[in-house]
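Asks: Before we start, here is the structure in question, set down as structure tokens.
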Amino acid sequence: MKRMWCWRCKQEMPMLDEDEYAEIARLYSEATLAVKEYRRTWGIPLENASIHERFEPVRARYESITGMKESNENAIMHHRISLYGPPCKQCNKPLRTPKAKLCGACMLPVQE
Ligand SMILES: [Zn+2]
Ligand SMILES: [Zn+2]
């Protein structure tokens with residue numbers, strides 16, 4: 001876990017390394033499958049409230065890794081260190097992707 005600036009959340013957020021992320025991703029796909037399974041079996045959409053409940057293990061795991069409560073599991077899924085590039089030489093915020101050609105925060109071009 002590492003605290004890094006998240007351009008989507010516009011604040012510093014705890015980001016997951018690959019081991020931590022693998023665990024979260026597994027819980028997330030289990031929850032997704034359970035929701036799909038429910039829809040297939042019953043042919044009716046789950047209420048938003050019960051969908052939220054199914055993703056509880058994802059949020060609980062994220063909280064125990066990072067010590068931070070996050071109520072939106074989709075935000076958790078983009079808090080993965082490897083999605084971001086190295087820190088910008090000017091503003092020190094991580095580039096938005098490992099292949100970014102310029103910094104999304106201060107627009108400094110990335111030099112090779
Ligand atoms: Zn974020
Ligand atoms: Zn920058």
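All residue names refer to the structure tokens as shown: chains lettered A, B, ... in order, residues numbered from 1 in each chain, ligands numbered from 1 in order.
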For Arg59 of chain A, work out the shell of residues within 9 Å, counting only C-alpha atoms and skipping chain neighbours fewer than 6 positions away, then give it as a PDB file with C-alpha atoms, in the first residue's frame.

Replies:
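Saved the output as around_13.pdb:
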```pdb
ATOM      1  CA  ILE A  24      -9.311  -7.258  -3.899  1.00  0.00           C
ATOM      2  CA  LYS A  69     -13.121   3.422   4.697  1.00  0.00           C
ATOM      3  CA  GLU A  70     -14.242   3.623   1.088  1.00  0.00           C
ATOM      4  CA  SER A  71     -17.938   3.338   0.342  1.00  0.00           C
ATOM      5  CA  ASN A  72     -17.584   2.949  -3.414  1.00  0.00           C
ATOM      6  CA  GLU A  73     -16.078  -0.345  -4.585  1.00  0.00           C
ATOM      7  CA  ILE A  76     -11.285   0.985  -4.978  1.00  0.00           C
TER       8      ILE A  76
END
```

Asks: As a PyMOL selection string, please: the residues near segment 25-37 of chain A (cut-off 6 Å, only C-alpha atoms, same-chain neighbours under 3 positions excluded).

Replies: chain A and resi 21-22+40+54-55+58

Asks: Kindly provide the residues of chain A that approach ligand 1 to within 9 Å, each paired with its closest atom pair and their distance in Å to one decimal, based on only C-alpha atoms and all ligand atoms, listed by chain and increasing number, as CSV.

Replies:
```
residue,atom,partner,partner_atom_place_in_ligand_line,distance
A:Trp5,CA,ligand 1,1 (Zn),8.1
A:Cys6,CA,ligand 1,1 (Zn),4.7
A:Trp7,CA,ligand 1,1 (Zn),6.6
A:Arg8,CA,ligand 1,1 (Zn),4.9
A:Cys9,CA,ligand 1,1 (Zn),4.1
A:Lys10,CA,ligand 1,1 (Zn),7.2
A:Gln11,CA,ligand 1,1 (Zn),7.5
A:Glu12,CA,ligand 1,1 (Zn),8.0
A:Met13,CA,ligand 1,1 (Zn),6.3
A:Pro14,CA,ligand 1,1 (Zn),8.6
A:Met15,CA,ligand 1,1 (Zn),8.4
A:Ala75,CA,ligand 1,1 (Zn),5.5
A:Ile76,CA,ligand 1,1 (Zn),7.0
A:Met77,CA,ligand 1,1 (Zn),8.4
A:His78,CA,ligand 1,1 (Zn),6.0
A:His79,CA,ligand 1,1 (Zn),5.6
```

Asks: Once you count only C-alpha atoms and all ligand atoms, which residues end up within 9 Å of ligand 2, and could you hand them over as a list in words?

Replies: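 Based on only C-alpha atoms and all ligand atoms, ligand 2 is surrounded within 9 Å by Pro87, Cys88, Lys89, Gln90, Cys91, Asn92, Lys93, Pro94, Leu95, Leu102, Cys103, Gly104, Ala105, Cys106, Met107, Leu108, Pro109 and Val110 of chain A.
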
Asks: For the residues in that selection, give me N, CA and C atoms as a PDB file, in the first residue's frame.

Replies:
```
ATOM      1  N   PRO A  87       6.191   9.403 -10.875  1.00  0.00           N
ATOM      2  CA  PRO A  87       5.838  10.780 -10.512  1.00  0.00           C
ATOM      3  C   PRO A  87       6.359  11.789 -11.530  1.00  0.00           C
ATOM      4  N   CYS A  88       5.586  12.820 -11.764  1.00  0.00           N
ATOM      5  CA  CYS A  88       5.966  13.901 -12.668  1.00  0.00           C
ATOM      6  C   CYS A  88       7.172  14.636 -12.088  1.00  0.00           C
ATOM      7  N   LYS A  89       8.102  15.028 -12.970  1.00  0.00           N
ATOM      8  CA  LYS A  89       9.324  15.683 -12.493  1.00  0.00           C
ATOM      9  C   LYS A  89       9.043  17.078 -11.957  1.00  0.00           C
ATOM     10  N   GLN A  90       7.946  17.675 -12.379  1.00  0.00           N
ATOM     11  CA  GLN A  90       7.648  19.035 -11.957  1.00  0.00           C
ATOM     12  C   GLN A  90       6.721  19.092 -10.740  1.00  0.00           C
ATOM     13  N   CYS A  91       5.584  18.396 -10.806  1.00  0.00           N
ATOM     14  CA  CYS A  91       4.605  18.540  -9.716  1.00  0.00           C
ATOM     15  C   CYS A  91       4.579  17.314  -8.801  1.00  0.00           C
ATOM     16  N   ASN A  92       5.306  16.290  -9.191  1.00  0.00           N
ATOM     17  CA  ASN A  92       5.452  15.109  -8.343  1.00  0.00           C
ATOM     18  C   ASN A  92       4.201  14.234  -8.237  1.00  0.00           C
ATOM     19  N   LYS A  93       3.148  14.585  -8.968  1.00  0.00           N
ATOM     20  CA  LYS A  93       1.977  13.713  -8.984  1.00  0.00           C
ATOM     21  C   LYS A  93       2.230  12.571  -9.966  1.00  0.00           C
ATOM     22  N   PRO A  94       1.691  11.396  -9.672  1.00  0.00           N
ATOM     23  CA  PRO A  94       1.943  10.285 -10.603  1.00  0.00           C
ATOM     24  C   PRO A  94       1.292  10.547 -11.960  1.00  0.00           C
ATOM     25  N   LEU A  95       1.951  10.150 -13.022  1.00  0.00           N
ATOM     26  CA  LEU A  95       1.352  10.257 -14.348  1.00  0.00           C
ATOM     27  C   LEU A  95       0.105   9.370 -14.377  1.00  0.00           C
ATOM     28  N   LEU A 102       2.331  13.180 -21.318  1.00  0.00           N
ATOM     29  CA  LEU A 102       2.445  14.410 -20.548  1.00  0.00           C
ATOM     30  C   LEU A 102       1.704  14.272 -19.224  1.00  0.00           C
ATOM     31  N   CYS A 103       2.062  15.144 -18.292  1.00  0.00           N
ATOM     32  CA  CYS A 103       1.453  15.088 -16.972  1.00  0.00           C
ATOM     33  C   CYS A 103       0.050  15.676 -17.040  1.00  0.00           C
ATOM     34  N   GLY A 104      -0.942  14.929 -16.556  1.00  0.00           N
ATOM     35  CA  GLY A 104      -2.322  15.399 -16.592  1.00  0.00           C
ATOM     36  C   GLY A 104      -2.594  16.530 -15.615  1.00  0.00           C
ATOM     37  N   ALA A 105      -1.710  16.732 -14.658  1.00  0.00           N
ATOM     38  CA  ALA A 105      -1.938  17.763 -13.648  1.00  0.00           C
ATOM     39  C   ALA A 105      -1.326  19.094 -14.052  1.00  0.00           C
ATOM     40  N   CYS A 106      -0.052  19.088 -14.485  1.00  0.00           N
ATOM     41  CA  CYS A 106       0.618  20.358 -14.795  1.00  0.00           C
ATOM     42  C   CYS A 106       0.988  20.472 -16.277  1.00  0.00           C
ATOM     43  N   MET A 107       0.638  19.422 -17.057  1.00  0.00           N
ATOM     44  CA  MET A 107       0.834  19.419 -18.510  1.00  0.00           C
ATOM     45  C   MET A 107       2.311  19.426 -18.946  1.00  0.00           C
ATOM     46  N   LEU A 108       3.204  19.114 -18.048  1.00  0.00           N
ATOM     47  CA  LEU A 108       4.616  19.014 -18.427  1.00  0.00           C
ATOM     48  C   LEU A 108       4.799  17.781 -19.310  1.00  0.00           C
ATOM     49  N   PRO A 109       5.401  17.965 -20.511  1.00  0.00           N
ATOM     50  CA  PRO A 109       5.637  16.780 -21.343  1.00  0.00           C
ATOM     51  C   PRO A 109       6.630  15.838 -20.661  1.00  0.00           C
ATOM     52  N   VAL A 110       6.411  14.557 -20.841  1.00  0.00           N
ATOM     53  CA  VAL A 110       7.323  13.570 -20.252  1.00  0.00           C
ATOM     54  C   VAL A 110       8.516  13.385 -21.189  1.00  0.00           C
TER      55      VAL A 110
END
```

Asks: Tell me, in Å to one decimal, how far atom CA of Glu56 of chain A is from atom CA of Lys2 of chain A.

Replies: 22.3 Å

Asks: Tell me, which residues of chain A carry DSSP helix (DSSP H, G or I), written as a PyMOL selection string?

Replies: chain A and resi 18-42+48-54+56-66+73-77+81-83

Asks: Report the residues of chain A whose backbone DSSP state falls under strand (DSSP E), written as a list in words.

Replies: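 The residues of chain A classed as strand (DSSP E) are Lys2, Arg3, Met4, Trp5, Cys6, Gln11, Glu12, Met13, Pro14 and Met15 of chain A.
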
Asks: Restricting it to N, CA and C atoms, dump the selection as an mmCIF file, in the first residue's frame.

Replies:
```cif
data_model
loop_
_atom_site.group_PDB
_atom_site.id
_atom_site.type_symbol
_atom_site.label_atom_id
_atom_site.label_comp_id
_atom_site.auth_asym_id
_atom_site.auth_seq_id
_atom_site.Cartn_x
_atom_site.Cartn_y
_atom_site.Cartn_z
ATOM 1 N N LYS A 2 0.451 2.223 -0.766
ATOM 2 C CA LYS A 2 1.217 3.450 -0.876
ATOM 3 C C LYS A 2 0.227 4.585 -1.079
ATOM 4 N N ARG A 3 0.450 5.697 -0.393
ATOM 5 C CA ARG A 3 -0.446 6.835 -0.616
ATOM 6 C C ARG A 3 0.034 7.594 -1.838
ATOM 7 N N MET A 4 -0.879 7.774 -2.782
ATOM 8 C CA MET A 4 -0.523 8.486 -3.995
ATOM 9 C C MET A 4 -1.670 9.416 -4.377
ATOM 10 N N TRP A 5 -1.343 10.442 -5.133
ATOM 11 C CA TRP A 5 -2.361 11.353 -5.634
ATOM 12 C C TRP A 5 -3.211 10.611 -6.664
ATOM 13 N N CYS A 6 -4.528 10.673 -6.492
ATOM 14 C CA CYS A 6 -5.423 10.066 -7.478
ATOM 15 C C CYS A 6 -6.125 11.170 -8.252
ATOM 16 N N GLN A 11 -7.557 13.668 -4.818
ATOM 17 C CA GLN A 11 -6.896 13.726 -3.518
ATOM 18 C C GLN A 11 -5.959 12.539 -3.367
ATOM 19 N N GLU A 12 -5.131 12.598 -2.330
ATOM 20 C CA GLU A 12 -4.249 11.462 -2.066
ATOM 21 C C GLU A 12 -5.071 10.290 -1.565
ATOM 22 N N MET A 13 -4.849 9.118 -2.139
ATOM 23 C CA MET A 13 -5.600 7.945 -1.741
ATOM 24 C C MET A 13 -4.627 6.789 -1.516
ATOM 25 N N PRO A 14 -5.020 5.839 -0.663
ATOM 26 C CA PRO A 14 -4.160 4.670 -0.517
ATOM 27 C C PRO A 14 -4.308 3.777 -1.746
ATOM 28 N N MET A 15 -3.180 3.467 -2.373
ATOM 29 C CA MET A 15 -3.204 2.635 -3.588
ATOM 30 C C MET A 15 -2.626 1.263 -3.275
#
```
